$ cat structure-v2.txt   # compact mmCIF, C-alpha atoms and all ligand atoms
# COMPACT_ATOMS: atom_id res chain seq x y z
CA MET A 1 -283.22 -30.23 27.21
CA ALA A 2 -286.23 -29.63 29.45
CA GLU A 3 -289.79 -30.09 28.27
CA ARG A 4 -291.38 -26.67 27.89
CA ILE A 5 -294.65 -26.49 29.81
CA ASP A 6 -297.07 -24.75 27.45
CA GLY A 7 -299.22 -22.64 29.77
CA LYS A 8 -300.92 -20.98 26.82
CA ALA A 9 -302.20 -24.28 25.44
CA ILE A 10 -303.21 -25.63 28.86
CA ALA A 11 -305.02 -22.36 29.65
CA ALA A 12 -306.85 -22.48 26.30
CA GLY A 13 -308.11 -25.98 27.14
CA VAL A 14 -309.43 -24.82 30.54
CA ILE A 15 -311.11 -21.76 28.95
CA GLU A 16 -313.01 -24.03 26.54
CA LYS A 17 -314.34 -26.05 29.50
CA ILE A 18 -315.33 -22.81 31.27
CA LYS A 19 -317.26 -21.62 28.18
CA THR A 20 -319.18 -24.89 28.03
CA ALA A 21 -319.96 -24.89 31.77
CA THR A 22 -321.05 -21.23 31.59
CA ALA A 23 -323.53 -22.04 28.82
CA GLU A 24 -324.82 -25.02 30.82
CA LEU A 25 -325.29 -22.92 33.96
CA ASN A 26 -327.20 -20.35 31.96
CA THR A 27 -329.48 -23.00 30.42
CA ALA A 28 -330.07 -24.84 33.69
CA LYS A 29 -330.49 -21.91 36.08
CA GLY A 30 -330.69 -18.74 33.99
CA VAL A 31 -327.54 -17.45 35.72
CA VAL A 32 -324.76 -15.50 33.96
CA PRO A 33 -321.50 -15.39 35.97
CA GLY A 34 -320.66 -11.77 36.84
CA LEU A 35 -317.14 -10.48 37.49
CA ALA A 36 -316.38 -6.96 38.75
CA VAL A 37 -312.84 -5.63 38.70
CA VAL A 38 -312.08 -2.44 40.62
CA ILE A 39 -309.02 -0.43 39.62
CA VAL A 40 -307.84 2.73 41.36
CA GLY A 41 -305.51 5.16 39.60
CA ASP A 42 -303.73 5.00 36.28
CA ASP A 43 -300.85 2.56 36.60
CA ALA A 44 -300.35 1.45 32.99
CA ALA A 45 -299.41 -2.18 33.75
CA SER A 46 -302.44 -2.62 36.05
CA HIS A 47 -304.75 -1.20 33.39
CA THR A 48 -303.34 -3.67 30.85
CA TYR A 49 -304.00 -6.61 33.22
CA VAL A 50 -307.49 -5.39 34.09
CA ALA A 51 -308.42 -4.91 30.43
CA ALA A 52 -307.25 -8.47 29.73
CA LYS A 53 -309.43 -9.79 32.57
CA GLY A 54 -312.50 -8.01 31.20
CA LYS A 55 -311.86 -9.23 27.66
CA ARG A 56 -311.46 -12.83 28.75
CA ALA A 57 -314.58 -12.63 30.96
CA LYS A 58 -316.66 -11.53 27.96
CA GLU A 59 -315.18 -14.31 25.83
CA CYS A 60 -316.31 -16.80 28.46
CA GLY A 61 -319.85 -15.43 28.27
CA PHE A 62 -319.69 -13.61 31.62
CA HIS A 63 -321.23 -10.33 32.67
CA SER A 64 -318.10 -8.16 33.03
CA VAL A 65 -317.92 -4.88 34.95
CA GLN A 66 -314.91 -2.63 35.38
CA VAL A 67 -315.05 0.12 38.01
CA THR A 68 -312.31 2.69 37.41
CA LEU A 69 -311.68 5.11 40.27
CA ASP A 70 -309.47 8.21 40.33
CA ALA A 71 -305.99 7.96 41.82
CA ASP A 72 -307.08 10.26 44.69
CA THR A 73 -310.16 8.20 45.65
CA SER A 74 -310.63 8.05 49.42
CA GLN A 75 -310.62 4.88 51.50
CA ALA A 76 -314.32 5.46 52.30
CA ASP A 77 -315.30 5.85 48.65
CA LEU A 78 -313.41 2.70 47.65
CA GLU A 79 -315.04 0.74 50.47
CA LYS A 80 -318.46 2.08 49.41
CA VAL A 81 -317.90 0.69 45.88
CA VAL A 82 -316.86 -2.71 47.25
CA GLY A 83 -319.94 -2.69 49.52
CA GLU A 84 -322.21 -2.07 46.53
CA LEU A 85 -320.61 -4.91 44.55
CA ASN A 86 -320.95 -7.19 47.60
CA ALA A 87 -324.69 -6.46 47.58
CA ASP A 88 -325.20 -6.81 43.80
CA PRO A 89 -326.76 -10.22 42.98
CA ALA A 90 -325.56 -10.01 39.33
CA ILE A 91 -321.92 -9.96 40.55
CA HIS A 92 -320.42 -13.26 41.73
CA GLY A 93 -316.75 -12.26 41.77
CA VAL A 94 -315.16 -9.04 43.07
CA LEU A 95 -311.49 -8.30 42.48
CA VAL A 96 -309.70 -5.15 43.63
CA GLN A 97 -306.60 -4.79 41.48
CA LEU A 98 -303.40 -4.47 43.52
CA PRO A 99 -301.30 -2.56 44.29
CA LEU A 100 -303.52 0.30 45.41
CA PRO A 101 -302.19 3.89 45.50
CA VAL A 102 -300.07 4.37 48.62
CA HIS A 103 -302.60 6.51 50.51
CA LEU A 104 -305.04 3.58 50.55
CA ASP A 105 -304.92 0.66 52.99
CA GLU A 106 -305.52 -2.53 51.01
CA PHE A 107 -306.07 -4.88 53.96
CA PRO A 108 -309.51 -3.64 55.11
CA VAL A 109 -310.67 -3.33 51.49
CA ILE A 110 -309.73 -6.93 50.67
CA GLN A 111 -311.18 -8.23 53.93
CA MET A 112 -314.55 -6.60 53.34
CA ILE A 113 -315.10 -8.50 50.07
CA ARG A 114 -317.62 -11.23 50.88
CA PRO A 115 -315.63 -14.50 51.01
CA GLU A 116 -317.99 -16.16 48.52
CA LYS A 117 -317.20 -13.36 46.01
CA ASP A 118 -313.46 -13.17 46.84
CA VAL A 119 -312.18 -14.59 43.54
CA ASP A 120 -308.58 -13.64 44.50
CA GLY A 121 -308.76 -15.97 47.52
CA LEU A 122 -307.23 -13.25 49.71
CA SER A 123 -309.81 -13.03 52.48
CA ILE A 124 -308.90 -14.53 55.83
CA VAL A 125 -311.76 -17.00 55.41
CA ASN A 126 -310.50 -18.30 52.06
CA ALA A 127 -306.82 -18.27 53.08
CA GLY A 128 -307.82 -20.11 56.28
CA LYS A 129 -309.83 -22.75 54.42
CA LEU A 130 -306.78 -23.46 52.26
CA ALA A 131 -304.54 -23.53 55.34
CA VAL A 132 -306.69 -26.25 56.97
CA GLY A 133 -306.98 -28.21 53.71
CA ASP A 134 -310.58 -27.33 52.81
CA LEU A 135 -310.24 -27.00 49.04
CA LYS A 136 -313.92 -27.65 48.39
CA THR A 137 -315.82 -24.70 49.85
CA GLY A 138 -313.41 -21.76 49.52
CA LEU A 139 -311.80 -19.90 46.62
CA ILE A 140 -308.07 -20.26 45.94
CA SER A 141 -305.74 -17.51 44.71
CA CYS A 142 -305.61 -17.59 40.90
CA THR A 143 -301.87 -17.72 40.23
CA PRO A 144 -301.06 -20.60 42.62
CA ALA A 145 -304.17 -22.49 41.47
CA GLY A 146 -302.96 -22.10 37.88
CA ALA A 147 -299.37 -22.99 38.72
CA MET A 148 -300.64 -26.21 40.37
CA ILE A 149 -302.34 -27.23 37.12
CA LEU A 150 -298.96 -26.86 35.39
CA VAL A 151 -297.24 -28.92 38.13
CA ARG A 152 -299.93 -31.62 37.77
CA SER A 153 -299.42 -31.69 33.99
CA ILE A 154 -295.96 -33.11 34.72
CA HIS A 155 -296.32 -35.01 38.01
CA GLY A 156 -300.01 -35.92 38.24
CA ASP A 157 -302.14 -35.28 41.34
CA ASP A 158 -299.99 -36.99 43.97
CA LEU A 159 -296.64 -35.39 44.76
CA SER A 160 -295.72 -37.93 47.47
CA GLY A 161 -291.98 -38.23 47.95
CA LEU A 162 -291.16 -35.07 46.02
CA ASN A 163 -289.38 -32.06 47.50
CA ALA A 164 -290.96 -28.74 46.50
CA VAL A 165 -289.30 -25.39 47.15
CA VAL A 166 -291.28 -22.15 46.82
CA VAL A 167 -289.16 -19.01 46.75
CA GLY A 168 -291.30 -16.06 47.84
CA ARG A 169 -293.85 -15.84 50.67
CA SER A 170 -296.52 -13.35 49.57
CA ASN A 171 -300.17 -13.79 50.53
CA LEU A 172 -301.12 -13.60 46.86
CA PHE A 173 -298.76 -16.35 45.73
CA GLY A 174 -296.04 -17.93 47.88
CA LYS A 175 -298.08 -18.88 50.93
CA PRO A 176 -301.05 -20.39 49.05
CA MET A 177 -298.67 -22.13 46.60
CA GLY A 178 -296.84 -23.80 49.48
CA ARG A 179 -300.16 -24.93 50.99
CA LEU A 180 -301.40 -26.38 47.70
CA LEU A 181 -298.16 -28.33 47.21
CA LEU A 182 -298.39 -29.61 50.79
CA GLN A 183 -302.01 -30.63 50.25
CA ALA A 184 -300.82 -32.64 47.22
CA ASN A 185 -298.37 -34.50 49.54
CA ALA A 186 -295.14 -32.76 48.51
CA THR A 187 -292.52 -32.03 51.16
CA VAL A 188 -292.51 -28.25 51.06
CA THR A 189 -289.84 -25.69 51.86
CA MET A 190 -290.92 -22.04 51.92
CA ALA A 191 -287.81 -20.02 51.05
CA HIS A 192 -287.52 -16.24 50.80
CA SER A 193 -285.14 -13.30 50.73
CA ARG A 194 -283.84 -14.08 54.25
CA THR A 195 -283.16 -17.76 53.56
CA ALA A 196 -279.50 -18.75 54.04
CA ASP A 197 -277.81 -20.27 50.99
CA LEU A 198 -280.85 -20.07 48.76
CA ALA A 199 -279.02 -21.75 45.88
CA SER A 200 -278.43 -24.97 47.81
CA VAL A 201 -282.00 -24.97 49.20
CA CYS A 202 -283.29 -24.70 45.62
CA ARG A 203 -280.93 -27.44 44.41
CA ASN A 204 -282.80 -29.85 46.68
CA ALA A 205 -286.07 -29.22 44.83
CA ASP A 206 -287.76 -31.73 42.55
CA ILE A 207 -290.29 -28.95 41.99
CA LEU A 208 -288.85 -25.43 42.13
CA VAL A 209 -291.29 -22.52 42.11
CA ALA A 210 -289.70 -19.09 41.70
CA ALA A 211 -291.64 -16.00 42.76
CA THR A 212 -288.83 -13.71 43.84
CA GLY A 213 -289.75 -10.66 41.77
CA ARG A 214 -286.11 -10.46 40.65
CA ALA A 215 -285.50 -11.00 36.96
CA GLU A 216 -283.39 -14.06 36.09
CA MET A 217 -282.32 -14.62 39.71
CA VAL A 218 -282.51 -18.43 39.50
CA LYS A 219 -279.36 -19.72 37.79
CA ALA A 220 -278.49 -23.12 36.32
CA ASP A 221 -276.61 -24.26 39.45
CA TRP A 222 -279.74 -23.62 41.57
CA VAL A 223 -281.60 -26.31 39.63
CA LYS A 224 -281.42 -30.03 40.39
CA PRO A 225 -280.95 -31.93 37.11
CA GLY A 226 -284.37 -33.12 35.90
CA ALA A 227 -286.35 -30.82 38.23
CA THR A 228 -289.62 -29.15 37.27
CA VAL A 229 -289.16 -25.36 37.29
CA ILE A 230 -292.20 -23.07 37.55
CA ASP A 231 -291.42 -19.40 36.90
CA VAL A 232 -293.93 -16.94 38.35
CA GLY A 233 -291.91 -13.78 37.66
CA ILE A 234 -292.72 -11.10 35.12
CA THR A 235 -290.41 -8.12 34.88
CA ARG A 236 -290.67 -5.82 31.89
CA VAL A 237 -287.26 -4.62 30.69
CA PRO A 238 -286.15 -2.41 27.80
CA ALA A 239 -285.27 -4.37 24.65
CA PRO A 240 -283.52 -1.91 22.32
CA GLU A 241 -282.47 -4.84 20.10
CA ARG A 242 -286.17 -5.13 19.16
CA GLY A 243 -286.34 -1.48 18.16
CA GLU A 244 -286.58 1.85 19.89
CA GLY A 245 -288.85 1.94 22.94
CA ARG A 246 -289.57 -1.81 22.74
CA THR A 247 -289.66 -3.99 25.84
CA ARG A 248 -289.74 -7.68 26.69
CA LEU A 249 -290.71 -9.79 29.67
CA LEU A 250 -288.25 -11.67 31.84
CA GLY A 251 -289.06 -14.33 34.40
CA ASP A 252 -287.39 -14.94 37.77
CA VAL A 253 -285.51 -17.85 36.18
CA ASP A 254 -282.56 -17.49 33.81
CA PHE A 255 -284.42 -19.56 31.21
CA ALA A 256 -281.61 -20.04 28.69
CA ALA A 257 -279.24 -21.27 31.41
CA CYS A 258 -281.75 -23.49 33.26
CA GLU A 259 -283.52 -25.10 30.28
CA PRO A 260 -280.69 -27.59 29.63
CA VAL A 261 -280.64 -28.65 33.32
CA ALA A 262 -284.34 -28.87 34.19
CA GLY A 263 -286.67 -31.75 33.32
CA ALA A 264 -289.57 -29.41 32.61
CA ILE A 265 -289.77 -25.62 32.68
CA THR A 266 -292.33 -22.86 32.13
CA PRO A 267 -291.40 -20.10 29.67
CA VAL A 268 -292.06 -16.39 30.29
CA PRO A 269 -294.27 -15.30 28.67
CA GLY A 270 -296.53 -18.28 27.95
CA GLY A 271 -296.16 -20.27 31.18
CA VAL A 272 -297.85 -19.29 34.44
CA GLY A 273 -299.16 -15.94 33.09
CA PRO A 274 -301.98 -17.31 30.91
CA MET A 275 -303.09 -19.56 33.79
CA THR A 276 -303.74 -16.64 36.18
CA ILE A 277 -306.56 -15.02 34.20
CA THR A 278 -307.91 -18.48 33.37
CA MET A 279 -308.23 -19.35 37.05
CA LEU A 280 -309.91 -16.00 37.72
CA MET A 281 -312.57 -17.10 35.22
CA ALA A 282 -312.73 -20.52 36.89
CA ASN A 283 -313.20 -18.94 40.34
CA THR A 284 -315.93 -16.63 39.04
CA LEU A 285 -317.74 -19.59 37.48
CA ILE A 286 -317.42 -21.58 40.73
CA ALA A 287 -318.80 -18.62 42.71
CA ALA A 288 -321.73 -18.32 40.28
CA TYR A 289 -322.50 -22.07 40.53
CA ARG A 290 -322.51 -21.87 44.32
CA ALA A 291 -324.74 -18.78 44.30
CA ALA A 292 -327.16 -20.56 41.93
CA GLY A 293 -327.46 -23.41 44.45
N1 LIG B 301 -302.00 -7.54 40.88
C1 LIG B 301 -301.14 -8.42 40.30
N2 LIG B 301 -301.65 -9.66 40.36
C2 LIG B 301 -302.84 -9.57 40.98
C3 LIG B 301 -303.85 -10.51 41.33
O1 LIG B 301 -303.74 -11.72 41.09
N3 LIG B 301 -304.93 -10.01 41.97
C4 LIG B 301 -305.06 -8.70 42.26
N4 LIG B 301 -306.16 -8.31 42.89
N5 LIG B 301 -304.16 -7.79 41.95
C5 LIG B 301 -303.05 -8.23 41.31
$ encode --input "structure-v2.txt" --output "structure tokens" --more "lines below"
Ligand code: GUN
Amino acid sequence: MAERIDGKAIAAGVIEKIKTATAELNTAKGVVPGLAVVIVGDDAASHTYVAAKGKRAKECGFHSVQVTLDADTSQADLEKVVGELNADPAIHGVLVQLPLPVHLDEFPVIQMIRPEKDVDGLSIVNAGKLAVGDLKTGLISCTPAGAMILVRSIHGDDLSGLNAVVVGRSNLFGKPMGRLLLQANATVTMAHSRTADLASVCRNADILVAATGRAEMVKADWVKPGATVIDVGITRVPAPERGEGRTRLLGDVDFAACEPVAGAITPVPGGVGPMTITMLMANTLIAAYRAAG
């Protein structure tokens, strides 16, 4: 049976360090890290995530701002809000919750966030720094940064000689995850929906990272015996067995089938999920430290 990687416990440990460092920054420089989250429209899942980000920011001792805009907000009005947050010295991190309503173009909005406040690591500057291996001066996307902490909890810092397969190639996760694994010396394969014989590509992985967006897509015969499996998926499905109207979360990995094959595996929930918000706090703290000089 695989070791279960306890993302909740690892995240709680990181949060404690962030709280301590936040208090130290405040004492030394009089600076309180400030995080602004912008949400447009009323998508229920997005509002749940954004509320969780604000709650955790306050727990860490941050100044937390949520800007909620109507679903019919114009591109110009959204960009005006981002411009104001860019200029606000009390705000060190700006995050625009995605996806945006379909009439809005997310690319120019994300790219106008000042790179030093881009706590999602989505700006071309931050993505480029990661691509050239500069992990010291940029900000790295929260979910891959958190997933790497879970990988390191099993394999340590040096992944030399290990094959890593990332399934999924989004800017928010797959691409930065592949770059982080490469930077840690893994031999990386970036697989995706157009990859031929995905199962056999995955079976070659010592570290298999699934971000397909398809619930329970990764089956037991996709997993090399003893491999580390990192599940980035979260799909909410009806769970009538839990009572009427109840739901539950499924990952991209068929957990029950893969657990006996893998060497280590992240559960859903309680694996990568708790790491994402934690790394958002870490990025905001880093941005505040840099701004404080
Ligand atoms: N929507 C789902 N995950 C994320 C994330 O990490 N950042 C942003 N901005 N939006 C998201």
$ atom_distance --input "structure-v2.txt" --atom1 "atom CA of Ala215 of chain A" --atom2 "atom CA of Val229 of chain A"
14.8 Å
$ residues_around --input "structure-v2.txt" --residues "Ala131 of chain A" --least-positions-apart "6" --cutoff "9 Å" --atoms "only C-alpha atoms" --output "MDAnalysis selection string"
chainID A and resid 176 179:180
$ closest_residue --input "structure-v2.txt" --among "A:Leu159, A:Ile140, A:Ala220, A:Val165" --to "ligand LIG 301 (chain B)" --atoms "all atoms listed in the file"
A:Ile140
$ residues_near_ligand --input "structure-v2.txt" --ligand "ligand LIG 301 (chain B)" --cutoff "6 Å" --atoms "all atoms listed in the file" --output "PyMOL selection string"
chain A and resi 95-98+120
$ closest_residue --input "structure-v2.txt" --among "A:Gly41, A:Val119, A:Ala2, A:Glu79" --to "Val102 of chain A" --atoms "only C-alpha atoms"
A:Gly41
$ residues_around --input "structure-v2.txt" --residues "segment 3-14 of chain A" --least-positions-apart "3" --cutoff "6 Å" --atoms "all atoms listed in the file" --output "PDB file with C-alpha atoms, keeping the file's coordinate frame"
ATOM      1  CA  LYS A  17    -314.340 -26.050  29.500  1.00  0.00           C
ATOM      2  CA  ALA A 264    -289.570 -29.410  32.610  1.00  0.00           C
ATOM      3  CA  ILE A 265    -289.770 -25.620  32.680  1.00  0.00           C
ATOM      4  CA  THR A 266    -292.330 -22.860  32.130  1.00  0.00           C
ATOM      5  CA  GLY A 270    -296.530 -18.280  27.950  1.00  0.00           C
ATOM      6  CA  GLY A 271    -296.160 -20.270  31.180  1.00  0.00           C
ATOM      7  CA  VAL A 272    -297.850 -19.290  34.440  1.00  0.00           C
ATOM      8  CA  PRO A 274    -301.980 -17.310  30.910  1.00  0.00           C
ATOM      9  CA  MET A 275    -303.090 -19.560  33.790  1.00  0.00           C
TER      10      MET A 275
END
$ atom_distance --input "structure-v2.txt" --atom1 "atom CA of Ala45 of chain A" --atom2 "atom CA of Arg248 of chain A"
13.2 Å
$ residues_near_point --input "structure-v2.txt" --point "(-310.8, 7.9, 44.4)" --cutoff "12 Å" --atoms "only C-alpha atoms" --output "VMD selection string"
chain A and resid 38 to 42 67 to 81 100 to 101 103 to 104
$ write_last_selection --input "structure-v2.txt" --atoms "C-alpha atoms" --output "mmCIF file, in the frame of the given file"
data_model
loop_
_atom_site.group_PDB
_atom_site.id
_atom_site.type_symbol
_atom_site.label_atom_id
_atom_site.label_comp_id
_atom_site.auth_asym_id
_atom_site.auth_seq_id
_atom_site.Cartn_x
_atom_site.Cartn_y
_atom_site.Cartn_z
ATOM 1 C CA VAL A 38 -312.080 -2.440 40.620
ATOM 2 C CA ILE A 39 -309.020 -0.430 39.620
ATOM 3 C CA VAL A 40 -307.840 2.730 41.360
ATOM 4 C CA GLY A 41 -305.510 5.160 39.600
ATOM 5 C CA ASP A 42 -303.730 5.000 36.280
ATOM 6 C CA VAL A 67 -315.050 0.120 38.010
ATOM 7 C CA THR A 68 -312.310 2.690 37.410
ATOM 8 C CA LEU A 69 -311.680 5.110 40.270
ATOM 9 C CA ASP A 70 -309.470 8.210 40.330
ATOM 10 C CA ALA A 71 -305.990 7.960 41.820
ATOM 11 C CA ASP A 72 -307.080 10.260 44.690
ATOM 12 C CA THR A 73 -310.160 8.200 45.650
ATOM 13 C CA SER A 74 -310.630 8.050 49.420
ATOM 14 C CA GLN A 75 -310.620 4.880 51.500
ATOM 15 C CA ALA A 76 -314.320 5.460 52.300
ATOM 16 C CA ASP A 77 -315.300 5.850 48.650
ATOM 17 C CA LEU A 78 -313.410 2.700 47.650
ATOM 18 C CA GLU A 79 -315.040 0.740 50.470
ATOM 19 C CA LYS A 80 -318.460 2.080 49.410
ATOM 20 C CA VAL A 81 -317.900 0.690 45.880
ATOM 21 C CA LEU A 100 -303.520 0.300 45.410
ATOM 22 C CA PRO A 101 -302.190 3.890 45.500
ATOM 23 C CA HIS A 103 -302.600 6.510 50.510
ATOM 24 C CA LEU A 104 -305.040 3.580 50.550
#
$ atom_distance --input "structure-v2.txt" --atom1 "atom CA of Lys29 of chain A" --atom2 "atom CA of Ala292 of chain A"
6.9 Å
